[in-house]
Amino acid sequence: MLQVESARGPHVELRIKPSARLISLMRRFLSDMLREVLTEAEDAWRIGLAAHELVENAFRHSIDGEVDVSIDVAEEGEGHILTLRIKNRATPEQRQTLRTHLDELSAASDALEHYLAVMRRSAQRESGLGLARVRAEADMTVSGDFDGDEVCIMARTPVRLMGATA
Amino acid sequence: MSVVAFQGERLSTTVGIEGNDLIIALSGTADLDVRTDLASWLKMVHDEVLRLKLSRVVVDIRKLEFMSSLCLNSFVGWLATIMEQPPAQQYRVHFKWSREMFWQRKSLNALRRFALMLVTTDP
């Protein structure tokens, strides 16, 4: 499923059974699309990076191989916030690991220091490097919702829309 | 030289020697598909540098469109391995990168912080 709507700002929904090649294509598609509607080209890059990392994570930990991706932009205060949502179904063990990584991420006051700490342990074990990278490199806040076996990871960032007065 | 370049469908590499430097270049996309190959290849690079007693590896990523964290982790592992060597066997890693690839500046900044004494970058 692919749905793209631009009248109320960028809104994209994708349901994919990803492969490595498809994830890269998705990153390029999202970055290209966002470059057309955001004032800062770097914003399009970093949101593409976040989408790649989160979909790759979801794909690796999905029970059925399916991943839902959506992007929405909403007015908030005097600006706009872009929200990237990645949904998949995961096993209890995978959900617990993810909760642990998200808890560590939200407890960390410095995104780069946390990223470096995750790097230091990443050679030994599953580390949450992708989530830490989204926060430190893509400069997005990351949170998660858990409902049954469904996991939804949300990454949010302020953006400036072309032509927007806010 | 016993380390050879590999040519994947979406990631290719080259290897050469200039003076006391081993020069490696990556182009394409480094992600889920190649993480195991990349980690093994970096291990070969490391072994070769030690065997030839070289002082530096130059890593040219100017044509590397993207690298996901799975492959970034291979670089982290490589740098960690160098840091674990006795001081006399530690060598430098110099990255050549492109300002046009947004992710490279941020990822290399993190790698430089991770391995302060080893990693240099240009531009």
# chains A, B, ... in the order shown; residues from 1 in each chain; ligands from 1
>>> residues_around(residues="Thr100 (chain A)", least_positions_apart="3", cutoff="12 Å", atoms="only C-alpha atoms", output="list in words")
Glu93, Gln94, Arg95, Gln96, Thr97, Asp103, Glu104, Leu105, Ser106, Ala107, Glu126, Ser127, Gly128, Leu131, Ser143 and Gly144 of chain A
>>> write_last_selection(atoms="all heavy atoms", output="short mmCIF file (atom, residue, chain, number, x, y, z; two decimals), in the first residue's frame")
data_model
loop_
_atom_site.label_atom_id
_atom_site.label_comp_id
_atom_site.auth_asym_id
_atom_site.auth_seq_id
_atom_site.Cartn_x
_atom_site.Cartn_y
_atom_site.Cartn_z
N GLU A 93 10.14 -11.18 23.64
CA GLU A 93 11.55 -10.91 23.92
C GLU A 93 12.03 -9.68 23.16
O GLU A 93 12.75 -8.83 23.71
CB GLU A 93 12.42 -12.12 23.51
CG GLU A 93 12.19 -13.38 24.32
CD GLU A 93 10.91 -14.11 23.93
OE1 GLU A 93 10.40 -13.89 22.80
OE2 GLU A 93 10.41 -14.89 24.76
N GLN A 94 11.60 -9.58 21.92
CA GLN A 94 12.02 -8.42 21.12
C GLN A 94 11.39 -7.13 21.67
O GLN A 94 12.05 -6.08 21.71
CB GLN A 94 11.60 -8.62 19.66
CG GLN A 94 12.45 -9.68 18.96
CD GLN A 94 11.78 -10.24 17.72
OE1 GLN A 94 10.58 -10.06 17.50
NE2 GLN A 94 12.57 -10.91 16.90
N ARG A 95 10.14 -7.24 22.12
CA ARG A 95 9.48 -6.04 22.69
C ARG A 95 10.20 -5.60 23.96
O ARG A 95 10.38 -4.41 24.21
CB ARG A 95 8.00 -6.32 22.95
CG ARG A 95 7.19 -6.58 21.68
CD ARG A 95 5.69 -6.43 21.91
NE ARG A 95 5.15 -7.33 22.92
CZ ARG A 95 4.74 -8.58 22.68
NH1 ARG A 95 4.84 -9.10 21.46
NH2 ARG A 95 4.24 -9.33 23.64
N GLN A 96 10.61 -6.58 24.77
CA GLN A 96 11.30 -6.23 26.02
C GLN A 96 12.65 -5.57 25.74
O GLN A 96 13.01 -4.57 26.38
CB GLN A 96 11.50 -7.49 26.88
CG GLN A 96 12.07 -7.21 28.26
CD GLN A 96 11.30 -6.12 29.01
OE1 GLN A 96 10.07 -6.13 29.08
NE2 GLN A 96 12.02 -5.13 29.54
N THR A 97 13.37 -6.11 24.77
CA THR A 97 14.66 -5.50 24.40
C THR A 97 14.46 -4.06 23.93
O THR A 97 15.20 -3.15 24.31
CB THR A 97 15.33 -6.34 23.28
OG1 THR A 97 15.52 -7.66 23.75
CG2 THR A 97 16.68 -5.75 22.88
N ASP A 103 13.98 3.00 27.04
CA ASP A 103 14.13 3.56 28.39
C ASP A 103 15.51 4.20 28.56
O ASP A 103 15.64 5.30 29.11
CB ASP A 103 13.93 2.48 29.46
CG ASP A 103 12.48 2.05 29.58
OD1 ASP A 103 11.60 2.77 29.03
OD2 ASP A 103 12.21 1.00 30.20
N GLU A 104 16.52 3.51 28.07
CA GLU A 104 17.89 4.06 28.17
C GLU A 104 18.00 5.35 27.37
O GLU A 104 18.62 6.32 27.82
CB GLU A 104 18.90 3.05 27.60
CG GLU A 104 19.11 1.83 28.47
CD GLU A 104 20.00 0.79 27.81
OE1 GLU A 104 20.36 0.97 26.62
OE2 GLU A 104 20.32 -0.20 28.47
N LEU A 105 17.36 5.34 26.21
CA LEU A 105 17.43 6.51 25.34
C LEU A 105 16.75 7.71 26.00
O LEU A 105 17.27 8.83 25.99
CB LEU A 105 16.74 6.18 24.01
CG LEU A 105 16.99 7.05 22.81
CD1 LEU A 105 18.47 7.10 22.47
CD2 LEU A 105 16.20 6.53 21.60
N SER A 106 15.59 7.47 26.61
CA SER A 106 14.88 8.60 27.20
C SER A 106 15.55 9.07 28.49
O SER A 106 15.41 10.23 28.89
CB SER A 106 13.40 8.28 27.43
OG SER A 106 13.29 7.26 28.38
N ALA A 107 16.29 8.18 29.15
CA ALA A 107 16.98 8.58 30.39
C ALA A 107 18.27 9.34 30.10
O ALA A 107 18.80 10.03 30.98
CB ALA A 107 17.30 7.34 31.22
N GLU A 126 23.74 -7.11 21.02
CA GLU A 126 22.67 -6.31 20.44
C GLU A 126 22.56 -5.03 21.26
O GLU A 126 22.46 -5.07 22.48
CB GLU A 126 21.35 -7.10 20.53
CG GLU A 126 20.16 -6.41 19.95
CD GLU A 126 20.17 -6.42 18.43
OE1 GLU A 126 20.72 -7.37 17.84
OE2 GLU A 126 19.64 -5.47 17.85
N SER A 127 22.61 -3.89 20.60
CA SER A 127 22.91 -2.70 21.36
C SER A 127 21.91 -1.56 21.30
O SER A 127 21.92 -0.67 22.14
CB SER A 127 24.25 -2.16 20.88
OG SER A 127 24.14 -1.84 19.50
N GLY A 128 21.07 -1.51 20.30
CA GLY A 128 20.21 -0.34 20.13
C GLY A 128 20.94 0.79 19.42
O GLY A 128 20.57 1.96 19.58
N LEU A 131 18.66 3.04 17.14
CA LEU A 131 17.82 4.01 17.86
C LEU A 131 18.68 5.19 18.35
O LEU A 131 18.27 6.35 18.24
CB LEU A 131 17.14 3.36 19.06
CG LEU A 131 16.03 2.34 18.77
CD1 LEU A 131 15.58 1.68 20.06
CD2 LEU A 131 14.85 3.02 18.09
N SER A 143 10.29 7.62 20.68
CA SER A 143 9.49 7.00 21.73
C SER A 143 8.78 5.78 21.14
O SER A 143 8.83 5.55 19.92
CB SER A 143 8.46 8.00 22.28
OG SER A 143 7.60 8.43 21.23
N GLY A 144 8.15 5.00 22.01
CA GLY A 144 7.49 3.79 21.52
C GLY A 144 6.14 3.57 22.17
O GLY A 144 5.92 3.99 23.31
#
>>> interface_residues(of="chain A", to="chain B", cutoff="10 Å", atoms="only C-alpha atoms", output="ChimeraX atom specification")
/A:19-21,23-24,27,41-46,48-50,52-53,56-57,60,112-113,115-117,119-124,127-134,136-138
>>> atom_distance(atom1="CA of Ala51 (chain A)", atom2="CA of Met26 (chain A)")
8.2 Å
>>> residues_around(residues="Arg92 (chain B)", least_positions_apart="6", cutoff="7 Å", atoms="only C-alpha atoms", output="PDB file with all heavy atoms, in the first residue's frame")
ATOM      1  N   SER B  55      51.196   2.137   8.727  1.00  0.00           N
ATOM      2  CA  SER B  55      50.892   3.054   9.829  1.00  0.00           C
ATOM      3  C   SER B  55      49.512   3.701   9.704  1.00  0.00           C
ATOM      4  O   SER B  55      49.033   4.325  10.647  1.00  0.00           O
ATOM      5  CB  SER B  55      51.949   4.161   9.889  1.00  0.00           C
ATOM      6  OG  SER B  55      51.980   4.869   8.671  1.00  0.00           O
ATOM      7  N   ARG B  56      48.891   3.552   8.531  1.00  0.00           N
ATOM      8  CA  ARG B  56      47.612   4.248   8.365  1.00  0.00           C
ATOM      9  C   ARG B  56      46.755   3.557   7.304  1.00  0.00           C
ATOM     10  O   ARG B  56      47.272   3.034   6.321  1.00  0.00           O
ATOM     11  CB  ARG B  56      47.877   5.701   7.952  1.00  0.00           C
ATOM     12  CG  ARG B  56      46.672   6.592   8.020  1.00  0.00           C
ATOM     13  CD  ARG B  56      47.037   8.041   7.804  1.00  0.00           C
ATOM     14  NE  ARG B  56      47.292   8.344   6.398  1.00  0.00           N
ATOM     15  CZ  ARG B  56      47.033   9.512   5.818  1.00  0.00           C
ATOM     16  NH1 ARG B  56      46.539  10.510   6.540  1.00  0.00           N
ATOM     17  NH2 ARG B  56      47.300   9.712   4.546  1.00  0.00           N
ATOM     18  N   VAL B  57      45.441   3.612   7.545  1.00  0.00           N
ATOM     19  CA  VAL B  57      44.487   3.205   6.509  1.00  0.00           C
ATOM     20  C   VAL B  57      43.693   4.442   6.117  1.00  0.00           C
ATOM     21  O   VAL B  57      43.172   5.156   6.982  1.00  0.00           O
ATOM     22  CB  VAL B  57      43.526   2.108   7.010  1.00  0.00           C
ATOM     23  CG1 VAL B  57      42.506   1.750   5.929  1.00  0.00           C
ATOM     24  CG2 VAL B  57      44.300   0.861   7.426  1.00  0.00           C
ATOM     25  N   LEU B 118      42.783   7.726  17.095  1.00  0.00           N
ATOM     26  CA  LEU B 118      43.018   6.974  15.852  1.00  0.00           C
ATOM     27  C   LEU B 118      42.460   7.628  14.613  1.00  0.00           C
ATOM     28  O   LEU B 118      43.038   7.531  13.536  1.00  0.00           O
ATOM     29  CB  LEU B 118      42.374   5.579  15.948  1.00  0.00           C
ATOM     30  CG  LEU B 118      42.817   4.610  17.038  1.00  0.00           C
ATOM     31  CD1 LEU B 118      42.050   3.313  16.892  1.00  0.00           C
ATOM     32  CD2 LEU B 118      44.303   4.362  16.943  1.00  0.00           C
ATOM     33  N   VAL B 119      41.291   8.266  14.760  1.00  0.00           N
ATOM     34  CA  VAL B 119      40.536   8.677  13.578  1.00  0.00           C
ATOM     35  C   VAL B 119      40.770  10.140  13.227  1.00  0.00           C
ATOM     36  O   VAL B 119      40.673  11.025  14.081  1.00  0.00           O
ATOM     37  CB  VAL B 119      39.019   8.419  13.799  1.00  0.00           C
ATOM     38  CG1 VAL B 119      38.196   9.012  12.658  1.00  0.00           C
ATOM     39  CG2 VAL B 119      38.739   6.933  13.929  1.00  0.00           C
TER      40      VAL B 119
END
>>> closest_residue(among="A:Ala90, A:Gly148, A:Pro158, A:His11", to="Gly65 (chain A)", atoms="only C-alpha atoms")
A:Ala90
>>> residues_around(residues="Val4 (chain B)", least_positions_apart="5", cutoff="12 Å", atoms="only C-alpha atoms", output="number ranges by chain")
B: 12-17, 22-25, 40-45, 48
>>> residues_around(residues="Asp47 (chain B)", least_positions_apart="6", cutoff="10 Å", atoms="only C-alpha atoms", output="list in words")
Ser2, Val3, Trp41 and Lys53 of chain B
>>> write_last_selection(atoms="N, CA and C atoms", output="mmCIF file, in the first residue's frame")
data_model
loop_
_atom_site.group_PDB
_atom_site.id
_atom_site.type_symbol
_atom_site.label_atom_id
_atom_site.label_comp_id
_atom_site.auth_asym_id
_atom_site.auth_seq_id
_atom_site.Cartn_x
_atom_site.Cartn_y
_atom_site.Cartn_z
ATOM 1 N N SER B 2 47.318 -9.556 0.432
ATOM 2 C CA SER B 2 46.367 -10.668 0.513
ATOM 3 C C SER B 2 44.916 -10.203 0.663
ATOM 4 N N VAL B 3 44.719 -8.924 0.939
ATOM 5 C CA VAL B 3 43.333 -8.467 1.037
ATOM 6 C C VAL B 3 42.864 -8.030 -0.352
ATOM 7 N N TRP B 41 35.471 -8.362 5.738
ATOM 8 C CA TRP B 41 36.436 -7.650 4.898
ATOM 9 C C TRP B 41 37.296 -6.704 5.743
ATOM 10 N N LYS B 53 52.772 -4.076 8.468
ATOM 11 C CA LYS B 53 53.277 -3.046 9.395
ATOM 12 C C LYS B 53 53.061 -1.634 8.841
#
>>> select_by_dssp(residues="region 15-163 of chain A", states="helix (DSSP H, G or I)", output="VMD selection string")
chain A and resid 20 to 37 41 to 60 92 to 107 111 to 122 129 to 136
>>> atom_distance(atom1="CA of Asp21 (chain B)", atom2="CA of Ala5 (chain B)")
15.9 Å
>>> closest_residue(among="B:Leu52, B:Val59, B:Leu108, B:Cys71", to="Val93 (chain B)", atoms="only C-alpha atoms")
B:Val59
>>> closest_residue(among="A:Ile63, A:Val69, A:Ile16, A:Leu161", to="Pro92 (chain A)", atoms="only C-alpha atoms")
A:Ile63
>>> select_by_dssp(residues="region 15-53 of chain B", states="strand (DSSP E)", output="list in words")
Val15, Gly16, Ile17, Glu18, Asp21, Leu22, Ile23, Ile24, Ala25, Leu26, Ser27, Gly28, Thr29 and Ala30 of chain B
>>> write_last_selection(atoms="N, CA and C atoms", output="JSON list (two decimals), in the first residue's frame")
[["chain", "number", "residue", "atom", "x", "y", "z"],
["B", 15, "VAL", "N", 40.94, -1.57, -3.11],
["B", 15, "VAL", "CA", 42.06, -1.62, -2.17],
["B", 15, "VAL", "C", 43.36, -1.30, -2.90],
["B", 16, "GLY", "N", 44.21, -0.52, -2.26],
["B", 16, "GLY", "CA", 45.53, -0.24, -2.85],
["B", 16, "GLY", "C", 46.50, 0.19, -1.78],
["B", 17, "ILE", "N", 47.74, 0.29, -2.15],
["B", 17, "ILE", "CA", 48.76, 0.77, -1.20],
["B", 17, "ILE", "C", 49.46, 1.97, -1.81],
["B", 18, "GLU", "N", 49.60, 3.02, -1.01],
["B", 18, "GLU", "CA", 50.38, 4.20, -1.42],
["B", 18, "GLU", "C", 51.36, 4.50, -0.30],
["B", 21, "ASP", "N", 50.56, 3.81, 3.46],
["B", 21, "ASP", "CA", 49.11, 3.81, 3.69],
["B", 21, "ASP", "C", 48.44, 2.68, 2.91],
["B", 22, "LEU", "N", 47.48, 2.04, 3.55],
["B", 22, "LEU", "CA", 46.56, 1.18, 2.81],
["B", 22, "LEU", "C", 45.37, 2.05, 2.44],
["B", 23, "ILE", "N", 45.00, 2.05, 1.18],
["B", 23, "ILE", "CA", 43.90, 2.90, 0.72],
["B", 23, "ILE", "C", 42.71, 2.00, 0.40],
["B", 24, "ILE", "N", 41.60, 2.24, 1.08],
["B", 24, "ILE", "CA", 40.40, 1.49, 0.72],
["B", 24, "ILE", "C", 39.29, 2.48, 0.38],
["B", 25, "ALA", "N", 38.45, 2.10, -0.57],
["B", 25, "ALA", "CA", 37.34, 2.97, -0.96],
["B", 25, "ALA", "C", 36.06, 2.13, -1.01],
["B", 26, "LEU", "N", 34.98, 2.74, -0.54],
["B", 26, "LEU", "CA", 33.68, 2.07, -0.59],
["B", 26, "LEU", "C", 32.72, 2.93, -1.40],
["B", 27, "SER", "N", 31.93, 2.29, -2.26],
["B", 27, "SER", "CA", 30.91, 3.05, -2.98],
["B", 27, "SER", "C", 29.62, 2.25, -3.04],
["B", 28, "GLY", "N", 28.50, 2.99, -3.07],
["B", 28, "GLY", "CA", 27.20, 2.33, -3.10],
["B", 28, "GLY", "C", 26.48, 2.48, -1.78],
["B", 29, "THR", "N", 25.87, 1.41, -1.34],
["B", 29, "THR", "CA", 25.10, 1.43, -0.10],
["B", 29, "THR", "C", 25.53, 0.27, 0.79],
["B", 30, "ALA", "N", 25.82, 0.58, 2.06],
["B", 30, "ALA", "CA", 26.22, -0.45, 3.01],
["B", 30, "ALA", "C", 25.09, -0.65, 4.01]]
